[in-house]
>>> print(open('protein-v9.cif').read())   # mmCIF, C-alpha atoms
data_coords
#
loop_
_atom_site.label_atom_id
_atom_site.label_comp_id
_atom_site.auth_asym_id
_atom_site.auth_seq_id
_atom_site.Cartn_x
_atom_site.Cartn_y
_atom_site.Cartn_z
CA ASP A 1 0.00 0.00 0.00
CA ARG A 2 3.03 2.23 0.24
CA ILE A 3 3.35 2.74 -3.51
CA THR A 4 1.28 2.02 -6.60
CA LEU A 5 3.20 0.68 -9.58
CA LEU A 6 1.35 0.64 -12.86
CA SER A 7 2.18 -0.51 -16.36
CA ASP A 8 0.33 -2.26 -19.19
CA ALA A 9 -0.68 1.14 -20.55
CA ASP A 10 -1.03 -0.28 -24.06
CA GLY A 11 -2.93 -3.38 -22.97
CA ASP A 12 -0.31 -5.97 -23.88
CA GLY A 13 -0.59 -7.76 -20.54
CA VAL A 14 2.88 -7.07 -19.15
CA ALA A 15 2.06 -6.13 -15.57
CA GLU A 16 -0.44 -4.76 -13.14
CA GLN A 17 0.11 -3.47 -9.63
CA ARG A 18 2.99 -5.22 -7.91
CA ILE A 19 3.86 -5.83 -4.28
CA VAL A 20 7.15 -5.56 -2.41
CA LEU A 21 9.18 -8.71 -2.96
CA LEU A 22 12.15 -8.17 -0.65
CA GLU A 23 12.94 -5.60 2.02
CA GLY A 24 16.23 -4.09 3.13
CA LEU A 25 18.25 -4.39 -0.08
CA ARG A 26 20.44 -1.86 -1.87
CA SER A 27 21.13 -1.56 -5.60
CA PRO A 28 22.97 -4.66 -6.92
CA PHE A 29 25.28 -3.08 -9.51
CA GLY A 30 28.81 -4.13 -8.69
CA MET A 31 28.58 -7.92 -8.62
CA ALA A 32 29.38 -10.66 -11.12
CA LEU A 33 29.35 -14.45 -10.72
CA VAL A 34 31.85 -16.43 -12.82
CA GLY A 35 31.81 -20.16 -12.10
CA ASP A 36 32.52 -20.64 -8.42
CA GLU A 37 33.81 -17.09 -7.89
CA LEU A 38 31.82 -14.01 -6.90
CA TYR A 39 33.33 -10.65 -7.85
CA VAL A 40 32.33 -7.46 -6.07
CA ALA A 41 33.26 -3.96 -7.25
CA ASN A 42 33.89 -1.90 -4.13
CA ALA A 43 34.56 1.84 -4.20
CA ASP A 44 38.32 1.27 -4.58
CA ALA A 45 38.85 -2.32 -5.75
CA VAL A 46 37.40 -5.46 -7.30
CA VAL A 47 37.37 -8.22 -4.69
CA ARG A 48 36.95 -11.97 -5.32
CA PHE A 49 35.08 -14.38 -3.03
CA PRO A 50 34.57 -18.15 -3.28
CA TYR A 51 30.98 -19.10 -4.07
CA ARG A 52 28.93 -22.30 -3.99
CA PRO A 53 25.43 -22.76 -5.48
CA GLY A 54 22.73 -21.81 -3.04
CA GLN A 55 24.98 -19.66 -0.89
CA THR A 56 23.23 -16.51 0.35
CA ARG A 57 25.94 -14.74 2.36
CA ILE A 58 29.68 -14.16 2.08
CA GLU A 59 31.45 -16.36 4.63
CA GLU A 60 35.14 -16.21 3.69
CA PRO A 61 37.64 -13.35 3.33
CA GLY A 62 37.91 -11.86 -0.12
CA THR A 63 40.97 -11.50 -2.33
CA ARG A 64 41.76 -8.13 -3.91
CA LEU A 65 41.96 -8.64 -7.67
CA ALA A 66 42.49 -5.08 -8.96
CA ASP A 67 42.55 -1.54 -7.65
CA LEU A 68 39.94 0.97 -8.82
CA PRO A 69 40.04 4.79 -8.67
CA GLY A 70 38.86 5.73 -5.19
CA GLY A 71 39.21 8.50 -2.59
CA PRO A 72 39.91 10.73 -0.90
CA LEU A 73 38.09 12.78 -3.56
CA ASN A 74 35.48 10.33 -4.85
CA HIS A 75 32.65 12.09 -6.66
CA HIS A 76 31.05 9.07 -8.36
CA TRP A 77 32.02 6.34 -5.93
CA THR A 78 29.80 3.41 -6.97
CA LYS A 79 31.20 0.96 -9.52
CA SER A 80 29.36 -1.28 -11.99
CA LEU A 81 30.66 -4.74 -12.90
CA LEU A 82 30.04 -7.15 -15.78
CA ALA A 83 31.80 -10.36 -16.75
CA GLY A 84 32.88 -10.79 -20.37
CA PRO A 85 31.26 -13.49 -22.52
CA ASP A 86 33.99 -16.08 -21.94
CA GLY A 87 34.63 -15.11 -18.32
CA THR A 88 38.29 -14.17 -18.82
CA LYS A 89 37.66 -10.42 -18.52
CA LEU A 90 35.69 -8.17 -16.19
CA TYR A 91 34.32 -4.76 -17.18
CA VAL A 92 33.94 -1.99 -14.61
CA GLY A 93 32.09 1.30 -15.05
CA VAL A 94 33.90 4.14 -13.24
CA GLY A 95 32.27 7.57 -13.05
CA SER A 96 34.02 10.94 -13.20
CA ASN A 97 35.36 12.77 -10.16
CA SER A 98 33.46 15.95 -11.03
CA ASN A 99 30.74 17.44 -13.17
CA VAL A 100 32.98 18.78 -15.97
CA ALA A 101 36.55 18.28 -14.71
CA GLU A 102 36.39 21.29 -12.38
CA ASN A 103 38.47 19.34 -9.85
CA GLY A 104 41.34 19.00 -12.32
CA LEU A 105 42.08 16.35 -14.92
CA GLU A 106 44.74 14.92 -12.62
CA ASN A 107 41.81 13.62 -10.52
CA GLU A 108 40.20 11.94 -13.54
CA VAL A 109 42.82 9.27 -14.29
CA ASP A 110 41.02 6.04 -15.31
CA ARG A 111 37.68 7.72 -14.59
CA ALA A 112 34.69 8.54 -16.80
CA ALA A 113 35.54 5.23 -18.38
CA ILE A 114 34.87 1.52 -18.64
CA LEU A 115 37.88 -0.47 -17.48
CA GLU A 116 38.73 -4.00 -18.60
CA ILE A 117 40.31 -6.28 -15.98
CA ASP A 118 42.04 -9.56 -16.77
CA ARG A 119 40.52 -12.09 -14.39
CA ALA A 120 43.66 -14.20 -14.15
CA THR A 121 46.21 -11.44 -13.49
CA GLY A 122 44.22 -8.38 -12.38
CA ARG A 123 45.87 -6.33 -15.14
CA THR A 124 43.68 -3.32 -15.99
CA ARG A 125 43.30 -1.14 -19.07
CA VAL A 126 40.87 1.55 -20.26
CA PHE A 127 38.38 -0.09 -22.63
CA ALA A 128 36.43 3.10 -23.47
CA SER A 129 36.59 6.68 -22.18
CA GLY A 130 34.76 10.00 -22.21
CA LEU A 131 31.71 8.42 -20.50
CA ARG A 132 30.84 10.74 -17.59
CA ASN A 133 29.18 8.11 -15.40
CA PRO A 134 28.65 4.73 -17.12
CA VAL A 135 26.49 2.81 -14.67
CA GLY A 136 24.42 0.02 -16.21
CA LEU A 137 26.49 -2.45 -18.27
CA ALA A 138 25.07 -5.27 -20.40
CA ARG A 139 25.81 -7.26 -23.56
CA HIS A 140 23.23 -7.52 -26.28
CA PRO A 141 22.04 -11.14 -26.49
CA GLU A 142 22.12 -11.27 -30.30
CA THR A 143 25.22 -9.28 -31.23
CA GLY A 144 27.33 -9.66 -28.08
CA ALA A 145 28.10 -5.91 -28.19
CA LEU A 146 28.73 -4.11 -24.90
CA TRP A 147 26.16 -1.42 -24.06
CA THR A 148 25.94 1.07 -21.21
CA VAL A 149 23.65 3.78 -19.84
CA VAL A 150 25.45 7.01 -18.98
CA ASN A 151 24.58 9.87 -16.65
CA GLU A 152 25.63 13.07 -18.38
CA ARG A 153 26.70 16.47 -16.99
CA ASP A 154 24.64 19.03 -15.03
CA GLU A 155 24.17 22.80 -14.72
CA LEU A 156 23.20 23.51 -18.33
CA GLY A 157 19.48 23.84 -17.64
CA ASP A 158 16.44 21.59 -17.45
CA ASP A 159 16.82 20.10 -20.92
CA LEU A 160 20.58 19.54 -21.22
CA VAL A 161 22.42 17.23 -21.28
CA PRO A 162 20.57 14.01 -22.24
CA ASP A 163 21.53 10.85 -20.41
CA TYR A 164 21.98 8.11 -22.96
CA LEU A 165 22.11 4.45 -23.93
CA THR A 166 24.95 3.50 -26.25
CA SER A 167 26.99 0.65 -27.60
CA VAL A 168 30.62 0.85 -26.52
CA ARG A 169 33.58 0.37 -28.84
CA ASP A 170 36.97 -0.83 -27.68
CA GLY A 171 39.14 2.28 -27.61
CA GLY A 172 36.18 4.61 -28.22
CA PHE A 173 36.02 8.15 -26.82
CA TYR A 174 32.55 9.59 -26.07
CA GLY A 175 33.29 13.26 -25.41
CA TRP A 176 33.40 13.95 -21.68
CA PRO A 177 34.34 16.52 -20.50
CA TYR A 178 35.03 18.47 -23.69
CA SER A 179 31.79 17.78 -25.54
CA TYR A 180 28.46 16.01 -25.23
CA PHE A 181 26.41 13.94 -27.66
CA GLY A 182 29.18 13.95 -30.20
CA GLY A 183 30.47 17.37 -31.18
CA HIS A 184 28.47 19.69 -28.89
CA VAL A 185 31.30 21.62 -27.19
CA ASP A 186 31.06 22.41 -23.48
CA ALA A 187 32.71 25.84 -23.24
CA ARG A 188 33.06 25.54 -19.46
CA VAL A 189 35.96 23.12 -19.92
CA GLN A 190 39.29 24.88 -20.34
CA PRO A 191 41.56 24.60 -22.17
CA PRO A 192 39.46 23.27 -25.07
CA ARG A 193 40.44 20.14 -26.97
CA PRO A 194 39.04 20.36 -30.51
CA ASP A 195 41.12 17.34 -31.46
CA LEU A 196 39.27 15.17 -28.93
CA VAL A 197 35.90 16.70 -29.81
CA ALA A 198 36.52 15.63 -33.40
CA GLU A 199 37.01 12.04 -32.17
CA ALA A 200 33.95 11.94 -29.93
CA ILE A 201 31.50 9.17 -30.79
CA ARG A 202 27.84 10.21 -30.84
CA PRO A 203 25.80 7.99 -28.48
CA ASP A 204 23.14 5.74 -29.95
CA TYR A 205 20.02 6.74 -28.02
CA ALA A 206 19.03 9.73 -25.84
CA LEU A 207 17.14 8.99 -22.61
CA GLY A 208 16.25 12.53 -21.51
CA ALA A 209 18.12 15.12 -19.48
CA HIS A 210 18.57 14.44 -15.75
CA THR A 211 16.59 11.18 -15.78
CA ALA A 212 19.51 9.57 -13.91
CA SER A 213 19.29 6.40 -15.98
CA LEU A 214 21.25 3.80 -14.02
CA GLY A 215 20.10 0.23 -14.61
CA LEU A 216 20.32 -1.74 -17.87
CA ALA A 217 19.17 -5.24 -18.78
CA PHE A 218 18.40 -6.82 -22.14
CA TYR A 219 15.41 -9.13 -22.20
CA GLU A 220 16.07 -12.78 -23.06
CA GLY A 221 13.17 -14.35 -21.19
CA ALA A 222 9.98 -15.98 -22.43
CA MET A 223 7.45 -14.62 -19.91
CA PHE A 224 6.79 -11.28 -21.61
CA PRO A 225 5.37 -10.95 -25.15
CA GLU A 226 7.74 -11.70 -28.01
CA ARG A 227 8.24 -8.04 -28.92
CA TYR A 228 10.26 -7.55 -25.71
CA ARG A 229 12.95 -10.06 -26.66
CA GLY A 230 16.28 -8.35 -27.38
CA GLY A 231 15.06 -4.97 -26.10
CA ALA A 232 16.45 -3.03 -23.16
CA PHE A 233 14.94 -2.25 -19.77
CA VAL A 234 16.38 0.91 -18.18
CA GLY A 235 15.99 1.92 -14.53
CA GLN A 236 15.68 5.70 -14.15
CA HIS A 237 16.54 6.93 -10.66
CA GLY A 238 15.04 10.36 -11.29
CA SER A 239 16.17 13.99 -11.37
CA TRP A 240 17.38 15.92 -8.34
CA ASN A 241 18.05 19.20 -10.15
CA ARG A 242 15.16 19.85 -12.52
CA SER A 243 12.23 22.25 -12.07
CA VAL A 244 9.80 19.51 -13.14
CA PRO A 245 10.95 16.04 -12.01
CA VAL A 246 11.68 13.43 -14.67
CA GLY A 247 12.67 9.78 -14.49
CA TYR A 248 11.49 7.86 -11.43
CA LYS A 249 10.41 4.90 -13.54
CA VAL A 250 11.54 1.90 -15.56
CA ILE A 251 11.34 2.21 -19.32
CA PHE A 252 11.69 -0.24 -22.21
CA VAL A 253 13.64 0.57 -25.38
CA PRO A 254 12.67 -1.67 -28.31
CA PHE A 255 15.50 -3.09 -30.44
CA ALA A 256 15.64 -4.55 -33.95
CA ASN A 257 18.73 -6.14 -35.50
CA GLY A 258 20.77 -5.24 -32.44
CA ARG A 259 19.94 -1.51 -32.52
CA PRO A 260 17.35 0.75 -30.80
CA ALA A 261 14.22 0.85 -32.94
CA GLY A 262 11.50 3.05 -31.54
CA MET A 263 10.43 5.39 -28.79
CA PRO A 264 10.88 4.41 -25.12
CA GLU A 265 7.87 2.90 -23.36
CA ASP A 266 6.94 3.24 -19.69
CA VAL A 267 6.95 -0.15 -17.95
CA LEU A 268 6.93 0.63 -14.24
CA THR A 269 5.65 3.98 -12.94
CA GLY A 270 3.93 5.50 -9.91
CA PHE A 271 7.08 6.37 -7.96
CA LEU A 272 6.08 10.07 -7.67
CA ASP A 273 3.02 11.23 -5.75
CA GLU A 274 0.74 14.05 -6.94
CA LYS A 275 3.02 16.64 -5.29
CA GLY A 276 6.15 15.30 -6.98
CA ASN A 277 7.52 13.58 -3.88
CA ALA A 278 9.46 10.38 -4.50
CA LEU A 279 7.90 7.23 -3.04
CA GLY A 280 10.66 5.12 -4.57
CA ARG A 281 13.61 5.42 -6.95
CA PRO A 282 14.34 2.60 -9.44
CA VAL A 283 17.99 1.73 -9.94
CA GLY A 284 19.22 -1.72 -10.98
CA VAL A 285 17.18 -3.97 -13.28
CA ALA A 286 17.64 -7.67 -13.96
CA VAL A 287 15.71 -10.57 -15.49
CA ASP A 288 15.20 -13.68 -13.36
CA ARG A 289 15.15 -17.31 -14.50
CA GLN A 290 11.39 -17.27 -15.03
CA GLY A 291 11.63 -14.19 -17.27
CA ALA A 292 10.25 -11.70 -14.75
CA LEU A 293 11.80 -8.26 -14.36
CA LEU A 294 13.46 -7.43 -11.03
CA VAL A 295 13.85 -3.78 -10.06
CA ALA A 296 15.99 -2.55 -7.17
CA ASP A 297 14.40 0.51 -5.57
CA ASP A 298 16.80 2.31 -3.22
CA GLY A 299 14.23 4.96 -2.30
CA GLY A 300 11.63 2.40 -1.26
CA ASN A 301 14.35 0.06 0.08
CA ALA A 302 12.90 -2.90 -1.80
CA VAL A 303 13.16 -5.13 -4.85
CA TRP A 304 10.08 -5.31 -7.05
CA ARG A 305 9.20 -8.23 -9.36
CA VAL A 306 7.22 -7.48 -12.52
CA THR A 307 5.49 -10.43 -14.18
CA ALA A 308 3.22 -10.91 -17.14
CA ARG A 309 -0.47 -10.84 -16.28
CA GLY A 310 -1.85 -14.29 -15.55
CA ARG A 311 1.57 -15.72 -14.57
#
>>> encode(input="protein-v9.cif", output="structure tokens")
Amino acid sequence: DRITLLSDADGDGVAEQRIVLLEGLRSPFGMALVGDELYVANADAVVRFPYRPGQTRIEEPGTRLADLPGGPLNHHWTKSLLAGPDGTKLYVGVGSNSNVAENGLENEVDRAAILEIDRATGRTRVFASGLRNPVGLARHPETGALWTVVNERDELGDDLVPDYLTSVRDGGFYGWPYSYFGGHVDARVQPPRPDLVAEAIRPDYALGAHTASLGLAFYEGAMFPERYRGGAFVGQHGSWNRSVPVGYKVIFVPFANGRPAGMPEDVLTGFLDEKGNALGRPVGVAVDRQGALLVADDGGNAVWRVTARGR
């Protein structure tokens, strides 16, 4: 009764009102299970723990696999984690240490980037850069391409800059801090770097300014209608700095042939009351073994499970 979550606006039978599934959980971004090893991305390191099927709590000391950019200045301190397709590499999303490098580029080393970590040696390299805060990481089930959702910069007004969903190229540069959405120069950043602006890759899909899009999961299940397969669910935490709040919901981005193919659709809403107060804030999204959608809500301190009607 604390919150009403509604979807099925177009009558396709995806979900009705849901109930709280689990209490007392935080957003499950920085974890990856590879065989009998659980990897956790802490604020300053990736740590490895032994794991056995059915285990529900960590019982043994962890082993530090690789360092990550941490404090004492630690603007975007959470870290996302994804295992590569063959399990030999880990990919970590590391946010910037500022809005637009106002704390100095010396504090942005290996930040605003996705790092690749060799699982056997812990050796780390920058896989892609210029991504202000790449949070959700996922691989497309058909193409195997790495995708991310990125929180873009602030203080340019209500309608700039769009957060985005994009495929990520090895060695690609996506503009931060010198430009946004390709070649749109941010004049606040000095000295300018027109050479890097010229290299900046334009993201694939805009998600709206200040939506705080954080979670990303591609749908591979069989519970929802067929049109959802291969598309992306995105958890939008919601704006903190906009005159009219935006986000505070989970959306679906349809895909065709491995690319976005249509307007975003609301899947899970109702997190704002009539006065604009947040009753919950969606973050991480995942698909369970039955094909239901799980949504971590750090404002409501719960995990929600969205199922198809009648299941």
>>> resolve_selection(input="protein-v9.cif", expression="the PyMOL selection byres ((chain A and resi 200) around 6)", output="list in words")
Phe173, Tyr174, Gly175, Gly182, Val197, Ala198, Glu199 and Ile201 of chain A
>>> resolve_selection(input="protein-v9.cif", expression="the PyMOL selection byres ((chain A and resi 90-98) around 6)", output="number ranges by chain")
A: 74-76, 79-84, 89, 99-101, 108, 111-117, 132-135
>>> write_last_selection(input="protein-v9.cif", atoms="C-alpha atoms", output="PDB file, in the frame of the given file")
ATOM      1  CA  ASN A  74      35.480  10.330  -4.850  1.00  0.00           C
ATOM      2  CA  HIS A  75      32.650  12.090  -6.660  1.00  0.00           C
ATOM      3  CA  HIS A  76      31.050   9.070  -8.360  1.00  0.00           C
ATOM      4  CA  LYS A  79      31.200   0.960  -9.520  1.00  0.00           C
ATOM      5  CA  SER A  80      29.360  -1.280 -11.990  1.00  0.00           C
ATOM      6  CA  LEU A  81      30.660  -4.740 -12.900  1.00  0.00           C
ATOM      7  CA  LEU A  82      30.040  -7.150 -15.780  1.00  0.00           C
ATOM      8  CA  ALA A  83      31.800 -10.360 -16.750  1.00  0.00           C
ATOM      9  CA  GLY A  84      32.880 -10.790 -20.370  1.00  0.00           C
ATOM     10  CA  LYS A  89      37.660 -10.420 -18.520  1.00  0.00           C
ATOM     11  CA  ASN A  99      30.740  17.440 -13.170  1.00  0.00           C
ATOM     12  CA  VAL A 100      32.980  18.780 -15.970  1.00  0.00           C
ATOM     13  CA  ALA A 101      36.550  18.280 -14.710  1.00  0.00           C
ATOM     14  CA  GLU A 108      40.200  11.940 -13.540  1.00  0.00           C
ATOM     15  CA  ARG A 111      37.680   7.720 -14.590  1.00  0.00           C
ATOM     16  CA  ALA A 112      34.690   8.540 -16.800  1.00  0.00           C
ATOM     17  CA  ALA A 113      35.540   5.230 -18.380  1.00  0.00           C
ATOM     18  CA  ILE A 114      34.870   1.520 -18.640  1.00  0.00           C
ATOM     19  CA  LEU A 115      37.880  -0.470 -17.480  1.00  0.00           C
ATOM     20  CA  GLU A 116      38.730  -4.000 -18.600  1.00  0.00           C
ATOM     21  CA  ILE A 117      40.310  -6.280 -15.980  1.00  0.00           C
ATOM     22  CA  ARG A 132      30.840  10.740 -17.590  1.00  0.00           C
ATOM     23  CA  ASN A 133      29.180   8.110 -15.400  1.00  0.00           C
ATOM     24  CA  PRO A 134      28.650   4.730 -17.120  1.00  0.00           C
ATOM     25  CA  VAL A 135      26.490   2.810 -14.670  1.00  0.00           C
TER      26      VAL A 135
END
>>> closest_residue(input="protein-v9.cif", among="A:Asp163, A:Glu59, A:Asp110, A:Asp204", to="Thr124 in chain A", atoms="all atoms listed in the file")
A:Asp110
>>> residues_around(input="protein-v9.cif", residues="range 29-36 of chain A", least_positions_apart="6", cutoff="12 Å", atoms="only C-alpha atoms", output="PDB file with C-alpha atoms, in the frame of the given file")
ATOM      1  CA  ASN A  42      33.890  -1.900  -4.130  1.00  0.00           C
ATOM      2  CA  ALA A  43      34.560   1.840  -4.200  1.00  0.00           C
ATOM      3  CA  ASP A  44      38.320   1.270  -4.580  1.00  0.00           C
ATOM      4  CA  ALA A  45      38.850  -2.320  -5.750  1.00  0.00           C
ATOM      5  CA  VAL A  46      37.400  -5.460  -7.300  1.00  0.00           C
ATOM      6  CA  VAL A  47      37.370  -8.220  -4.690  1.00  0.00           C
ATOM      7  CA  ARG A  48      36.950 -11.970  -5.320  1.00  0.00           C
ATOM      8  CA  PHE A  49      35.080 -14.380  -3.030  1.00  0.00           C
ATOM      9  CA  PRO A  50      34.570 -18.150  -3.280  1.00  0.00           C
ATOM     10  CA  TYR A  51      30.980 -19.100  -4.070  1.00  0.00           C
ATOM     11  CA  ARG A  52      28.930 -22.300  -3.990  1.00  0.00           C
ATOM     12  CA  PRO A  53      25.430 -22.760  -5.480  1.00  0.00           C
ATOM     13  CA  GLY A  54      22.730 -21.810  -3.040  1.00  0.00           C
ATOM     14  CA  GLN A  55      24.980 -19.660  -0.890  1.00  0.00           C
ATOM     15  CA  TRP A  77      32.020   6.340  -5.930  1.00  0.00           C
ATOM     16  CA  THR A  78      29.800   3.410  -6.970  1.00  0.00           C
ATOM     17  CA  LYS A  79      31.200   0.960  -9.520  1.00  0.00           C
ATOM     18  CA  SER A  80      29.360  -1.280 -11.990  1.00  0.00           C
ATOM     19  CA  LEU A  81      30.660  -4.740 -12.900  1.00  0.00           C
ATOM     20  CA  LEU A  82      30.040  -7.150 -15.780  1.00  0.00           C
ATOM     21  CA  ALA A  83      31.800 -10.360 -16.750  1.00  0.00           C
ATOM     22  CA  GLY A  84      32.880 -10.790 -20.370  1.00  0.00           C
ATOM     23  CA  PRO A  85      31.260 -13.490 -22.520  1.00  0.00           C
ATOM     24  CA  ASP A  86      33.990 -16.080 -21.940  1.00  0.00           C
ATOM     25  CA  GLY A  87      34.630 -15.110 -18.320  1.00  0.00           C
ATOM     26  CA  THR A  88      38.290 -14.170 -18.820  1.00  0.00           C
ATOM     27  CA  LYS A  89      37.660 -10.420 -18.520  1.00  0.00           C
ATOM     28  CA  LEU A  90      35.690  -8.170 -16.190  1.00  0.00           C
ATOM     29  CA  TYR A  91      34.320  -4.760 -17.180  1.00  0.00           C
ATOM     30  CA  VAL A  92      33.940  -1.990 -14.610  1.00  0.00           C
ATOM     31  CA  GLY A  93      32.090   1.300 -15.050  1.00  0.00           C
ATOM     32  CA  VAL A  94      33.900   4.140 -13.240  1.00  0.00           C
ATOM     33  CA  ARG A 119      40.520 -12.090 -14.390  1.00  0.00           C
ATOM     34  CA  PRO A 134      28.650   4.730 -17.120  1.00  0.00           C
ATOM     35  CA  VAL A 135      26.490   2.810 -14.670  1.00  0.00           C
ATOM     36  CA  GLY A 136      24.420   0.020 -16.210  1.00  0.00           C
ATOM     37  CA  LEU A 137      26.490  -2.450 -18.270  1.00  0.00           C
ATOM     38  CA  ALA A 138      25.070  -5.270 -20.400  1.00  0.00           C
ATOM     39  CA  LEU A 214      21.250   3.800 -14.020  1.00  0.00           C
ATOM     40  CA  GLY A 215      20.100   0.230 -14.610  1.00  0.00           C
ATOM     41  CA  LEU A 216      20.320  -1.740 -17.870  1.00  0.00           C
ATOM     42  CA  ALA A 217      19.170  -5.240 -18.780  1.00  0.00           C
ATOM     43  CA  GLY A 235      15.990   1.920 -14.530  1.00  0.00           C
ATOM     44  CA  VAL A 283      17.990   1.730  -9.940  1.00  0.00           C
ATOM     45  CA  GLY A 284      19.220  -1.720 -10.980  1.00  0.00           C
ATOM     46  CA  VAL A 285      17.180  -3.970 -13.280  1.00  0.00           C
ATOM     47  CA  ALA A 286      17.640  -7.670 -13.960  1.00  0.00           C
ATOM     48  CA  VAL A 295      13.850  -3.780 -10.060  1.00  0.00           C
ATOM     49  CA  ALA A 296      15.990  -2.550  -7.170  1.00  0.00           C
ATOM     50  CA  ASP A 298      16.800   2.310  -3.220  1.00  0.00           C
TER      51      ASP A 298
END
>>> residues_around(input="protein-v9.cif", residues="Glu152 in chain A", least_positions_apart="4", cutoff="10 Å", atoms="all atoms listed in the file", output="list in words")
Asn99, Val100, Leu131, Arg132, Asn133, Pro134, Leu160, Val161, Pro162, Asp163, Tyr164, Trp176, Pro177, Tyr180, Phe181, Gly208, Ala209, His210, Thr211, Ala212 and Ser213 of chain A
>>> write_last_selection(input="protein-v9.cif", atoms="C-alpha atoms", output="PDB file, keeping the file's coordinate frame")
ATOM      1  CA  ASN A  99      30.740  17.440 -13.170  1.00  0.00           C
ATOM      2  CA  VAL A 100      32.980  18.780 -15.970  1.00  0.00           C
ATOM      3  CA  LEU A 131      31.710   8.420 -20.500  1.00  0.00           C
ATOM      4  CA  ARG A 132      30.840  10.740 -17.590  1.00  0.00           C
ATOM      5  CA  ASN A 133      29.180   8.110 -15.400  1.00  0.00           C
ATOM      6  CA  PRO A 134      28.650   4.730 -17.120  1.00  0.00           C
ATOM      7  CA  LEU A 160      20.580  19.540 -21.220  1.00  0.00           C
ATOM      8  CA  VAL A 161      22.420  17.230 -21.280  1.00  0.00           C
ATOM      9  CA  PRO A 162      20.570  14.010 -22.240  1.00  0.00           C
ATOM     10  CA  ASP A 163      21.530  10.850 -20.410  1.00  0.00           C
ATOM     11  CA  TYR A 164      21.980   8.110 -22.960  1.00  0.00           C
ATOM     12  CA  TRP A 176      33.400  13.950 -21.680  1.00  0.00           C
ATOM     13  CA  PRO A 177      34.340  16.520 -20.500  1.00  0.00           C
ATOM     14  CA  TYR A 180      28.460  16.010 -25.230  1.00  0.00           C
ATOM     15  CA  PHE A 181      26.410  13.940 -27.660  1.00  0.00           C
ATOM     16  CA  GLY A 208      16.250  12.530 -21.510  1.00  0.00           C
ATOM     17  CA  ALA A 209      18.120  15.120 -19.480  1.00  0.00           C
ATOM     18  CA  HIS A 210      18.570  14.440 -15.750  1.00  0.00           C
ATOM     19  CA  THR A 211      16.590  11.180 -15.780  1.00  0.00           C
ATOM     20  CA  ALA A 212      19.510   9.570 -13.910  1.00  0.00           C
ATOM     21  CA  SER A 213      19.290   6.400 -15.980  1.00  0.00           C
TER      22      SER A 213
END
>>> atom_distance(input="protein-v9.cif", atom1="CA of Glu265 in chain A", atom2="CA of Val253 in chain A")
6.5 Å
>>> atom_distance(input="protein-v9.cif", atom1="CA of Phe233 in chain A", atom2="CA of Thr143 in chain A")
16.9 Å
>>> atom_distance(input="protein-v9.cif", atom1="CA of Arg64 in chain A", atom2="CA of Arg125 in chain A")
16.8 Å
>>> closest_atom_pairs(input="protein-v9.cif", of="range 142-205 of chain A", to="range 219-231 of chain A", cutoff="12 Å", atoms="all atoms listed in the file", output="CSV")
residue,atom,partner,partner_atom,distance
A:Glu142,CA,A:Gly230,CA,7.2
A:Thr143,CA,A:Gly230,CA,9.8
A:Gly144,CA,A:Gly230,CA,11.1
A:Trp147,CA,A:Gly231,CA,11.8
A:Leu165,CA,A:Gly231,CA,12.0
>>> write_last_selection(input="protein-v9.cif", atoms="C-alpha atoms", output="PDB file, in the frame of the given file")
ATOM      1  CA  GLU A 142      22.120 -11.270 -30.300  1.00  0.00           C
ATOM      2  CA  THR A 143      25.220  -9.280 -31.230  1.00  0.00           C
ATOM      3  CA  GLY A 144      27.330  -9.660 -28.080  1.00  0.00           C
ATOM      4  CA  TRP A 147      26.160  -1.420 -24.060  1.00  0.00           C
ATOM      5  CA  LEU A 165      22.110   4.450 -23.930  1.00  0.00           C
TER       6      LEU A 165
END
>>> closest_residue(input="protein-v9.cif", among="A:Leu279, A:Val189, A:Ile251, A:Ala41", to="Asp266 in chain A", atoms="all atoms listed in the file")
A:Ile251
>>> resolve_selection(input="protein-v9.cif", expression="the PyMOL selection byres ((chain A and resi 241) around 10)", output="PyMOL selection string")
chain A and resi 154-155+157-158+210-211+238-240+242-246
>>> closest_residue(input="protein-v9.cif", among="A:Leu73, A:Leu196, A:Val250, A:Ala278", to="Asn107 in chain A", atoms="all atoms listed in the file")
A:Leu73
>>> closest_residue(input="protein-v9.cif", among="A:Phe218, A:Tyr248, A:Trp304, A:Tyr205", to="Pro264 in chain A", atoms="all atoms listed in the file")
A:Tyr205
>>> build_atoms(input="protein-v9.cif", residues="range 81-85 of chain A", atoms="N, CA, C and O atoms", output="compact mmCIF listing (two decimals), in the coordinates of the input")
# COMPACT_ATOMS: atom_id res chain seq x y z
N LEU A 81 29.79 -3.60 -12.57
CA LEU A 81 30.66 -4.74 -12.90
C LEU A 81 29.92 -5.71 -13.80
O LEU A 81 28.74 -6.02 -13.57
N LEU A 82 30.60 -6.18 -14.83
CA LEU A 82 30.04 -7.15 -15.78
C LEU A 82 31.13 -8.10 -16.21
O LEU A 82 32.24 -7.66 -16.54
N ALA A 83 30.85 -9.38 -16.23
CA ALA A 83 31.80 -10.36 -16.75
C ALA A 83 31.71 -10.43 -18.26
O ALA A 83 30.62 -10.30 -18.84
N GLY A 84 32.86 -10.62 -18.93
CA GLY A 84 32.88 -10.79 -20.37
C GLY A 84 32.25 -12.11 -20.77
O GLY A 84 32.01 -13.00 -19.95
N PRO A 85 31.98 -12.30 -22.06
CA PRO A 85 31.26 -13.49 -22.52
C PRO A 85 31.96 -14.81 -22.24
O PRO A 85 31.30 -15.82 -22.01
